[in-house]
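Enquirer: This one is coords-v5.cif, mmCIF, C-alpha atoms.
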```
data_query
loop_
_atom_site.group_PDB
_atom_site.id
_atom_site.type_symbol
_atom_site.label_atom_id
_atom_site.label_comp_id
_atom_site.auth_asym_id
_atom_site.auth_seq_id
_atom_site.Cartn_x
_atom_site.Cartn_y
_atom_site.Cartn_z
ATOM 1 C CA MET F 1 0.000 0.000 0.000
ATOM 2 C CA VAL F 2 1.337 3.420 -0.992
ATOM 3 C CA PRO F 3 0.832 6.182 1.605
ATOM 4 C CA SER F 4 -1.228 9.152 0.474
ATOM 5 C CA THR F 5 0.665 12.377 -0.171
ATOM 6 C CA GLU F 6 -2.414 14.609 -0.423
ATOM 7 C CA ASP F 7 -2.642 17.405 2.150
ATOM 8 C CA TYR F 8 -5.550 17.048 4.543
ATOM 9 C CA GLY F 9 -6.192 19.494 7.371
ATOM 10 C CA GLY F 10 -9.122 17.548 8.833
ATOM 11 C CA ASP F 11 -11.450 18.707 11.575
ATOM 12 C CA HIS F 12 -8.507 19.892 13.658
ATOM 13 C CA ASP F 13 -7.040 22.126 10.899
ATOM 14 C CA PHE F 14 -3.653 20.414 11.063
ATOM 15 C CA ARG F 15 -0.855 22.611 9.616
ATOM 16 C CA LEU F 16 2.940 22.748 9.385
ATOM 17 C CA SER F 17 5.253 25.745 9.120
ATOM 18 C CA PHE F 18 8.969 26.552 9.041
ATOM 19 C CA ARG F 19 10.895 29.565 10.216
ATOM 20 C CA GLU F 20 12.642 31.597 7.528
ATOM 21 C CA ALA F 21 16.325 30.639 7.556
ATOM 22 C CA GLY F 22 17.553 32.394 4.408
ATOM 23 C CA THR F 23 19.968 31.067 1.823
ATOM 24 C CA ALA F 24 23.355 31.822 3.370
ATOM 25 C CA LYS F 25 26.089 29.222 2.999
ATOM 26 C CA SER F 26 26.245 28.733 6.760
ATOM 27 C CA VAL F 27 22.625 27.602 7.255
ATOM 28 C CA THR F 28 22.137 23.942 8.142
ATOM 29 C CA TRP F 29 18.551 23.895 6.889
ATOM 30 C CA THR F 30 16.181 26.155 4.993
ATOM 31 C CA PHE F 31 12.643 25.785 3.646
ATOM 32 C CA SER F 32 11.383 27.120 0.310
ATOM 33 C CA LEU F 33 7.729 28.133 0.272
ATOM 34 C CA ALA F 34 7.788 28.473 -3.495
ATOM 35 C CA LEU F 35 8.970 24.877 -3.930
ATOM 36 C CA ARG F 36 7.399 23.459 -0.751
ATOM 37 C CA LYS F 37 10.753 21.842 -0.168
ATOM 38 C CA LEU F 38 13.085 21.437 2.807
ATOM 39 C CA PHE F 39 16.835 21.662 2.175
ATOM 40 C CA CYS F 40 18.997 20.377 5.023
ATOM 41 C CA ARG F 41 22.361 18.894 5.890
ATOM 42 C CA ARG F 42 22.742 15.300 6.913
ATOM 43 C CA ALA F 43 22.153 14.554 10.603
ATOM 44 C CA GLN F 44 21.282 18.190 11.399
ATOM 45 C CA PRO F 45 18.065 18.881 13.378
ATOM 46 C CA CYS F 46 15.333 20.735 11.460
ATOM 47 C CA PRO F 47 12.539 22.278 13.567
ATOM 48 C CA VAL F 48 9.118 21.543 12.075
ATOM 49 C CA GLN F 49 6.387 23.689 13.631
ATOM 50 C CA VAL F 50 3.058 21.934 14.221
ATOM 51 C CA GLN F 51 -0.165 23.876 14.609
ATOM 52 C CA VAL F 52 -3.807 22.853 14.998
ATOM 53 C CA GLY F 53 -7.026 24.850 14.974
ATOM 54 C CA ALA F 54 -8.742 22.546 17.495
ATOM 55 C CA PRO F 55 -6.966 20.326 20.052
ATOM 56 C CA PRO F 56 -6.833 16.644 19.057
ATOM 57 C CA PRO F 57 -8.033 13.955 21.479
ATOM 58 C CA PRO F 58 -5.685 12.840 24.272
ATOM 59 C CA GLY F 59 -3.166 10.258 23.146
ATOM 60 C CA ALA F 60 -2.798 11.719 19.632
ATOM 61 C CA LEU F 61 0.481 11.053 17.826
ATOM 62 C CA LEU F 62 2.603 12.674 15.134
ATOM 63 C CA ARG F 63 3.999 10.164 12.627
ATOM 64 C CA ALA F 64 6.734 10.905 10.053
ATOM 65 C CA VAL F 65 7.444 8.611 7.106
ATOM 66 C CA ALA F 66 9.502 9.114 3.931
ATOM 67 C CA VAL F 67 8.431 7.944 0.476
ATOM 68 C CA TYR F 68 9.920 8.364 -2.959
ATOM 69 C CA LYS F 69 8.317 11.112 -5.000
ATOM 70 C CA ARG F 70 8.366 9.550 -8.467
ATOM 71 C CA SER F 71 5.857 6.886 -9.379
ATOM 72 C CA GLU F 72 8.518 4.453 -10.641
ATOM 73 C CA HIS F 73 10.176 4.414 -7.208
ATOM 74 C CA VAL F 74 7.255 4.928 -4.828
ATOM 75 C CA ALA F 75 6.859 1.224 -4.071
ATOM 76 C CA GLU F 76 10.400 1.016 -2.664
ATOM 77 C CA VAL F 77 11.175 1.611 1.001
ATOM 78 C CA VAL F 78 13.281 4.704 1.716
ATOM 79 C CA ARG F 79 16.230 3.637 3.819
ATOM 80 C CA ARG F 80 19.782 4.682 4.561
ATOM 81 C CA CYS F 81 22.689 3.713 2.332
ATOM 82 C CA PRO F 82 24.872 0.772 3.485
ATOM 83 C CA HIS F 83 27.798 3.072 4.333
ATOM 84 C CA HIS F 84 25.886 5.351 6.713
ATOM 85 C CA GLU F 85 23.930 2.408 8.070
ATOM 86 C CA ARG F 86 27.200 0.834 9.226
ATOM 87 C CA CYS F 87 28.419 4.146 10.638
ATOM 88 C CA GLY F 88 25.443 4.327 12.995
ATOM 89 C CA GLY F 89 25.313 7.634 14.852
ATOM 90 C CA GLY F 90 22.498 9.228 16.803
ATOM 91 C CA ASP F 91 21.325 8.448 20.305
ATOM 92 C CA GLY F 92 21.225 4.683 19.877
ATOM 93 C CA LEU F 93 17.422 4.543 20.074
ATOM 94 C CA ALA F 94 16.791 4.573 16.322
ATOM 95 C CA PRO F 95 17.442 1.500 14.179
ATOM 96 C CA PRO F 96 20.470 2.104 11.923
ATOM 97 C CA GLN F 97 18.471 1.658 8.705
ATOM 98 C CA HIS F 98 15.929 4.411 9.503
ATOM 99 C CA LEU F 99 16.379 7.639 7.555
ATOM 100 C CA ILE F 100 14.247 9.987 9.704
ATOM 101 C CA ARG F 101 15.024 10.490 13.370
ATOM 102 C CA VAL F 102 13.584 12.655 16.117
ATOM 103 C CA GLU F 103 16.068 14.633 18.205
ATOM 104 C CA GLY F 104 15.659 15.628 21.835
ATOM 105 C CA ASN F 105 12.494 13.651 22.559
ATOM 106 C CA PRO F 106 12.828 10.504 24.699
ATOM 107 C CA HIS F 107 9.244 9.515 23.811
ATOM 108 C CA ALA F 108 10.081 8.918 20.144
ATOM 109 C CA ARG F 109 9.216 5.430 18.903
ATOM 110 C CA TYR F 110 10.484 3.827 15.688
ATOM 111 C CA HIS F 111 8.326 1.421 13.709
ATOM 112 C CA ASP F 112 8.730 -1.034 10.828
ATOM 113 C CA ASN F 113 5.386 -1.727 9.191
ATOM 114 C CA GLU F 114 4.879 -5.502 8.974
ATOM 115 C CA THR F 115 2.947 -5.225 5.720
ATOM 116 C CA THR F 116 4.673 -2.461 3.750
ATOM 117 C CA LYS F 117 8.081 -2.685 5.529
ATOM 118 C CA ARG F 118 8.173 1.122 5.605
ATOM 119 C CA HIS F 119 9.986 2.957 8.384
ATOM 120 C CA SER F 120 8.303 5.610 10.510
ATOM 121 C CA VAL F 121 8.841 7.472 13.759
ATOM 122 C CA THR F 122 6.134 8.717 16.131
ATOM 123 C CA VAL F 123 6.070 11.202 18.995
ATOM 124 C CA PRO F 124 3.138 12.148 21.226
ATOM 125 C CA TYR F 125 1.391 15.341 20.183
ATOM 126 C CA GLU F 126 2.241 18.108 22.632
ATOM 127 C CA PRO F 127 0.188 21.328 22.755
ATOM 128 C CA PRO F 128 2.123 24.584 22.352
ATOM 129 C CA GLU F 129 3.443 26.327 25.403
ATOM 130 C CA VAL F 130 1.676 29.349 26.844
ATOM 131 C CA GLY F 131 1.999 32.319 24.519
ATOM 132 C CA SER F 132 2.941 30.178 21.493
ATOM 133 C CA ALA F 133 0.752 29.287 18.555
ATOM 134 C CA CYS F 134 2.600 26.086 17.620
ATOM 135 C CA SER F 135 4.840 23.367 18.979
ATOM 136 C CA ALA F 136 8.056 22.186 17.318
ATOM 137 C CA VAL F 137 9.477 18.749 16.593
ATOM 138 C CA LEU F 138 13.160 18.320 15.654
ATOM 139 C CA TYR F 139 13.638 15.940 12.729
ATOM 140 C CA SER F 140 16.963 14.942 11.205
ATOM 141 C CA PHE F 141 17.705 13.025 8.010
ATOM 142 C CA MET F 142 20.583 10.590 8.291
ATOM 143 C CA CYS F 143 21.636 10.176 4.639
ATOM 144 C CA ASN F 144 22.415 12.492 1.749
ATOM 145 C CA SER F 145 20.092 12.512 -1.236
ATOM 146 C CA SER F 146 23.063 11.573 -3.437
ATOM 147 C CA CYS F 147 24.148 8.502 -1.419
ATOM 148 C CA MET F 148 24.701 5.428 -3.596
ATOM 149 C CA GLY F 149 22.733 2.433 -2.390
ATOM 150 C CA GLY F 150 20.301 4.728 -0.590
ATOM 151 C CA MET F 151 18.239 7.530 -2.108
ATOM 152 C CA ASN F 152 20.713 7.718 -5.005
ATOM 153 C CA ARG F 153 19.519 11.193 -6.160
ATOM 154 C CA ARG F 154 15.886 10.121 -6.177
ATOM 155 C CA PRO F 155 13.650 12.872 -4.680
ATOM 156 C CA ILE F 156 11.719 11.986 -1.538
ATOM 157 C CA LEU F 157 8.650 13.308 0.264
ATOM 158 C CA THR F 158 8.158 13.396 4.008
ATOM 159 C CA ILE F 159 4.600 12.741 5.199
ATOM 160 C CA LEU F 160 3.576 13.983 8.639
ATOM 161 C CA THR F 161 0.258 12.708 9.934
ATOM 162 C CA LEU F 162 -1.709 13.580 13.030
ATOM 163 C CA GLU F 163 -3.204 10.321 14.307
ATOM 164 C CA GLY F 164 -5.750 9.555 16.995
ATOM 165 C CA PRO F 165 -5.262 7.022 19.795
ATOM 166 C CA ALA F 166 -6.690 4.216 17.630
ATOM 167 C CA GLY F 167 -4.425 5.073 14.657
ATOM 168 C CA GLN F 168 -7.032 6.994 12.632
ATOM 169 C CA VAL F 169 -5.633 9.821 10.508
ATOM 170 C CA LEU F 170 -6.826 13.213 11.761
ATOM 171 C CA GLY F 171 -4.663 15.332 9.447
ATOM 172 C CA ARG F 172 -1.871 15.027 6.906
ATOM 173 C CA ARG F 173 0.802 17.324 5.494
ATOM 174 C CA CYS F 174 3.532 16.581 2.949
ATOM 175 C CA PHE F 175 6.717 18.325 1.775
ATOM 176 C CA GLU F 176 9.738 17.443 -0.339
ATOM 177 C CA VAL F 177 13.182 17.014 1.246
ATOM 178 C CA ARG F 178 16.664 17.348 -0.204
ATOM 179 C CA VAL F 179 19.585 16.379 2.029
ATOM 180 C CA CYS F 180 22.726 18.065 0.761
ATOM 181 C CA ALA F 181 26.009 19.679 1.770
ATOM 182 C CA CYS F 182 24.964 23.297 1.075
ATOM 183 C CA PRO F 183 21.213 23.827 1.647
ATOM 184 C CA GLY F 184 21.252 27.607 1.093
ATOM 185 C CA ARG F 185 22.997 27.372 -2.271
ATOM 186 C CA ASP F 186 20.804 24.502 -3.524
ATOM 187 C CA ARG F 187 17.615 26.297 -2.505
ATOM 188 C CA ARG F 188 18.687 29.476 -4.310
ATOM 189 C CA LEU F 189 19.615 27.602 -7.488
ATOM 190 C CA GLU F 190 16.398 25.590 -7.585
ATOM 191 C CA GLU F 191 14.231 28.658 -6.972
ATOM 192 C CA GLU F 192 16.007 30.527 -9.774
ATOM 193 C CA SER F 193 15.548 27.581 -12.105
ATOM 194 C CA GLN F 194 11.868 27.289 -11.196
ATOM 195 C CA SER F 195 11.378 31.018 -11.723
ATOM 196 C CA ARG F 196 12.831 30.789 -15.216
ATOM 197 C CA ARG F 197 10.415 27.974 -16.034
ATOM 198 C CA GLY F 198 7.434 30.104 -15.039
ATOM 199 C CA GLY F 199 6.598 29.732 -11.350
ATOM 200 C CA ALA F 200 6.333 27.032 -8.711
ATOM 201 C CA GLY F 201 3.487 25.287 -10.470
ATOM 202 C CA GLY F 202 5.344 25.235 -13.749
ATOM 203 C CA GLY F 203 3.153 28.010 -15.194
ATOM 204 C CA ALA F 204 1.364 27.900 -18.486
ATOM 205 C CA LYS F 205 3.397 26.529 -21.299
ATOM 206 C CA ARG F 206 4.518 29.188 -23.717
ATOM 207 C CA ALA F 207 3.094 28.829 -27.174
ATOM 208 C CA LEU F 208 5.666 28.042 -29.792
ATOM 209 C CA PRO F 209 6.108 30.798 -32.378
ATOM 210 C CA PRO F 210 4.765 29.986 -35.840
ATOM 211 C CA PRO F 211 7.407 28.636 -38.185
ATOM 212 C CA LYS F 212 9.042 31.346 -40.264
ATOM 213 C CA GLU F 213 8.371 31.260 -43.984
ATOM 214 C CA ALA F 214 11.538 30.382 -45.815
ATOM 215 C CA PRO F 215 12.717 33.104 -48.227
ATOM 216 C CA GLU F 216 12.040 32.528 -51.889
ATOM 217 C CA SER F 217 15.720 32.274 -52.696
ATOM 218 C CA SER F 218 16.266 29.488 -50.160
ATOM 219 C CA LYS F 219 13.371 27.327 -51.293
ATOM 220 C CA LYS F 220 14.454 24.300 -53.247
ATOM 221 C CA ARG F 221 13.285 24.509 -56.823
ATOM 222 C CA VAL F 222 11.596 21.441 -58.183
ATOM 223 C CA LEU F 223 13.104 20.752 -61.581
ATOM 224 C CA THR F 224 12.501 18.052 -64.117
ATOM 225 C CA PRO F 225 15.496 15.769 -64.783
ATOM 226 C CA ASN F 226 16.160 17.504 -68.144
ATOM 227 C CA ASN F 227 16.047 20.999 -66.624
ATOM 228 C CA GLU F 228 18.285 20.444 -63.639
ATOM 229 C CA GLU F 229 21.166 22.872 -63.363
ATOM 230 C CA PHE F 230 24.705 21.968 -62.340
ATOM 231 C CA SER F 231 27.902 23.882 -61.768
ATOM 232 C CA LEU F 232 31.265 22.589 -62.958
ATOM 233 C CA VAL F 233 34.644 23.885 -61.831
ATOM 234 C CA VAL F 234 37.200 23.762 -64.674
ATOM 235 C CA ARG F 235 40.909 24.370 -64.286
ATOM 236 C CA GLY F 236 42.626 26.090 -67.231
ATOM 237 C CA ARG F 237 41.370 28.601 -69.782
ATOM 238 C CA HIS F 238 41.805 26.291 -72.756
ATOM 239 C CA ARG F 239 39.741 23.556 -71.170
ATOM 240 C CA TYR F 240 37.022 26.061 -70.215
ATOM 241 C CA GLU F 241 36.740 27.376 -73.801
ATOM 242 C CA MET F 242 36.468 23.835 -75.131
ATOM 243 C CA LEU F 243 33.719 22.802 -72.719
ATOM 244 C CA LYS F 244 31.850 26.053 -73.346
ATOM 245 C CA LYS F 245 31.763 25.328 -77.076
ATOM 246 C CA ILE F 246 30.319 21.907 -76.399
ATOM 247 C CA ASN F 247 27.645 23.356 -74.115
ATOM 248 C CA ASP F 248 26.714 26.074 -76.653
ATOM 249 C CA ALA F 249 26.409 23.469 -79.376
ATOM 250 C CA LEU F 250 24.119 21.294 -77.237
ATOM 251 C CA GLU F 251 21.876 24.226 -76.415
ATOM 252 C CA ALA F 252 21.676 25.168 -80.095
ATOM 253 C CA TYR F 253 20.794 21.579 -80.958
ATOM 254 C CA GLU F 254 17.969 21.531 -78.363
ATOM 255 C CA GLY F 255 16.488 24.764 -79.707
ATOM 256 C CA GLY F 256 17.540 27.062 -76.908
ATOM 257 C CA ALA F 257 20.797 28.334 -78.338
ATOM 258 C CA ALA F 258 22.490 31.261 -76.720
ATOM 259 C CA PRO F 259 23.917 33.982 -78.953
ATOM 260 C CA GLU F 260 27.194 32.914 -80.421
ATOM 261 C CA GLN F 261 30.151 34.508 -78.706
ATOM 262 C CA PRO F 262 33.141 35.297 -80.857
ATOM 263 C CA VAL F 263 36.318 33.574 -79.897
ATOM 264 C CA LYS F 264 39.327 35.773 -79.360
ATOM 265 C CA GLY F 265 41.573 35.863 -82.423
ATOM 266 C CA ARG F 266 38.924 34.562 -84.868
ATOM 267 C CA ARG F 267 36.564 36.456 -87.208
ATOM 268 C CA PRO F 268 32.863 35.864 -86.944
ATOM 269 C CA ARG F 269 31.575 33.581 -89.701
ATOM 270 C CA GLY F 270 30.454 35.542 -92.803
ATOM 271 C CA ALA F 271 32.203 38.767 -91.810
ATOM 272 C CA GLU F 272 33.690 40.811 -94.736
ATOM 273 C CA LEU F 273 37.401 40.495 -95.153
ATOM 274 C CA LEU F 274 38.934 43.964 -95.173
ATOM 275 C CA PRO F 275 42.431 44.695 -96.425
ATOM 276 C CA ARG F 276 45.079 46.157 -94.216
ATOM 277 C CA ARG F 277 46.784 49.590 -94.877
ATOM 278 C CA GLY F 278 43.936 50.849 -97.119
ATOM 279 C CA LYS F 279 44.383 48.311 -99.902
ATOM 280 C CA LYS F 280 41.316 46.585 -101.334
ATOM 281 C CA LEU F 281 41.369 42.840 -101.328
ATOM 282 C CA LEU F 282 40.492 41.398 -104.740
ATOM 283 C CA LEU F 283 38.300 38.387 -104.848
ATOM 284 C CA LYS F 284 38.710 35.586 -107.364
ATOM 285 C CA GLY F 285 37.361 36.557 -110.813
ATOM 286 C CA GLU F 286 37.263 40.282 -109.998
ATOM 287 C CA GLY F 287 39.419 42.759 -111.897
ATOM 288 C CA PRO F 288 40.918 45.957 -110.641
ATOM 289 C CA ASP F 289 38.544 48.151 -112.715
ATOM 290 C CA SER F 290 35.368 46.240 -112.023
ATOM 291 C CA ASP F 291 33.919 49.217 -110.139
#
```
Transcribe the structure of this file into structure tokens.
Expert:
Amino acid sequence: MVPSTEDYGGDHDFRLSFREAGTAKSVTWTFSLALRKLFCRRAQPCPVQVQVGAPPPPGALLRAVAVYKRSEHVAEVVRRCPHHERCGGGDGLAPPQHLIRVEGNPHARYHDNETTKRHSVTVPYEPPEVGSACSAVLYSFMCNSSCMGGMNRRPILTILTLEGPAGQVLGRRCFEVRVCACPGRDRRLEEESQSRRGGAGGGAKRALPPPKEAPESSKKRVLTPNNEEFSLVVRGRHRYEMLKKINDALEAYEGGAAPEQPVKGRRPRGAELLPRRGKKLLLKGEGPDSD
């Protein structure tokens, strides 16, 4: 069974809140309202403020459980990586494989669900002190989000439920958690990235601009096989003149002849032969006084 991650205030108006911690490099935890995400260092206490609109019945509990956020991983149990599990740490009350621990509360109890095998920790609900609107519970996360063999960069959600004495759910709140070395920096980078994408909810997708019409010169002309045009690079003037003659002859043969270009050093066909130095050239059969 997969735990529900839907927020539910219930009849007691169950709510969670976090103090503003900023994004300085020195902070050990910080919460982003825009992302609804907690950034924290490993094994550092994070105060989660609990508030209700109406007091729950005596014997009520607060339960915290971690689940994977993505649907392809949600069936797996969130647990510590083998390295940190062997290192232990903490007050000795929590099992070494549990990711979430409660700090400074001797009434914390750790549970392994017999059916789902999920890990959870419970503490008795305590009403706020006089003059306060909420009570705080210190939670710590005992593995980095990047730990191999553990979360392995898979995002997780923490579910906090307010439960009655018989185990009935009176309220539920959920938030994402990233355990990292520099919470302030990671929060700032993720908020900037989310802002560029258009808001915490992703925003409306921007419509793609219509495709630009290609200019006439760049459009590919559809030519028949006989009308296709080709370019040929020729090296040497003599070779160019020879190939040009062949091309002109073919065009003349096909009926689309270009005007004949005179070749340098040759007279056009049919041109009158004129004598040099003013002398008249006599043709065959023509006498000098034939004028």
Enquirer: Env of Pro155 of chain F: 10 Å cut, atoms = only C-alpha atoms, seq-sep filter 4 positions within chain, self excluded. Answer as a PDB file with C-alpha atoms, keeping the file's coordinate frame.
Expert:
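That gives us result.pdb:
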```pdb
ATOM      1  CA  VAL F  67       8.431   7.944   0.476  1.00  0.00           C
ATOM      2  CA  TYR F  68       9.920   8.364  -2.959  1.00  0.00           C
ATOM      3  CA  LYS F  69       8.317  11.112  -5.000  1.00  0.00           C
ATOM      4  CA  ARG F  70       8.366   9.550  -8.467  1.00  0.00           C
ATOM      5  CA  HIS F  73      10.176   4.414  -7.208  1.00  0.00           C
ATOM      6  CA  SER F 145      20.092  12.512  -1.236  1.00  0.00           C
ATOM      7  CA  SER F 146      23.063  11.573  -3.437  1.00  0.00           C
ATOM      8  CA  MET F 151      18.239   7.530  -2.108  1.00  0.00           C
ATOM      9  CA  GLU F 176       9.738  17.443  -0.339  1.00  0.00           C
ATOM     10  CA  VAL F 177      13.182  17.014   1.246  1.00  0.00           C
ATOM     11  CA  ARG F 178      16.664  17.348  -0.204  1.00  0.00           C
ATOM     12  CA  VAL F 179      19.585  16.379   2.029  1.00  0.00           C
TER      13      VAL F 179
END
```
Enquirer: What does the PyMOL selection byres ((chain F and resi 113-119) around 9) select in this file, as a list in words?
Expert: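 Against this file, the PyMOL selection byres ((chain F and resi 113-119) around 9) returns the residues Met1, Val2, Ala64, Val65, Ala66, Val67, Ala75, Glu76, Val77, Val78, Arg79, Gln97, His98, Leu99, Ile100, Tyr110, His111, Asp112, Ser120 and Val121 of chain F.
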Enquirer: Need to verify the contact set: segment 3-10 of chain F, 6 Å, all atoms listed in the file, exclusion of same-chain residues closer than 6 positions in sequence. Can you return it as number ranges by chain?
Expert: F: 170-174
Enquirer: Nearest to His12 of chain F: which of F:Ala54, F:Val48, F:Leu232, F:Cys182 is it, counting all atoms listed in the file?
Expert: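 Closest candidate: F:Ala54.
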Enquirer: Carefully work through the PyMOL selection byres ((chain F and resi 53) around 7) for this structure and note down the residues it includes, as a PyMOL selection string.
Expert: chain F and resi 12-14+51-52+54-55
Enquirer: Kindly give the distance, in Å, that separates atom CA of Glu126 of chain F and atom CA of Val50 of chain F, rounded to a single decimal.
Expert: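 Distance between the two atoms: 9.3 Å.
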Enquirer: What's the separation between atom CA of Phe31 of chain F and atom CA of Gly184 of chain F, in Å to one decimal place?
Expert: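 Calculated distance between atom CA of Phe31 of chain F and atom CA of Gly184 of chain F is 9.2 Å.
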Enquirer: One number please: atom CA of Val137 of chain F to atom CA of Gly149 of chain F, in Å, one decimal.
Expert: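 Spanning atom CA of Val137 of chain F to atom CA of Gly149 of chain F is a straight-line distance of 28.3 Å.
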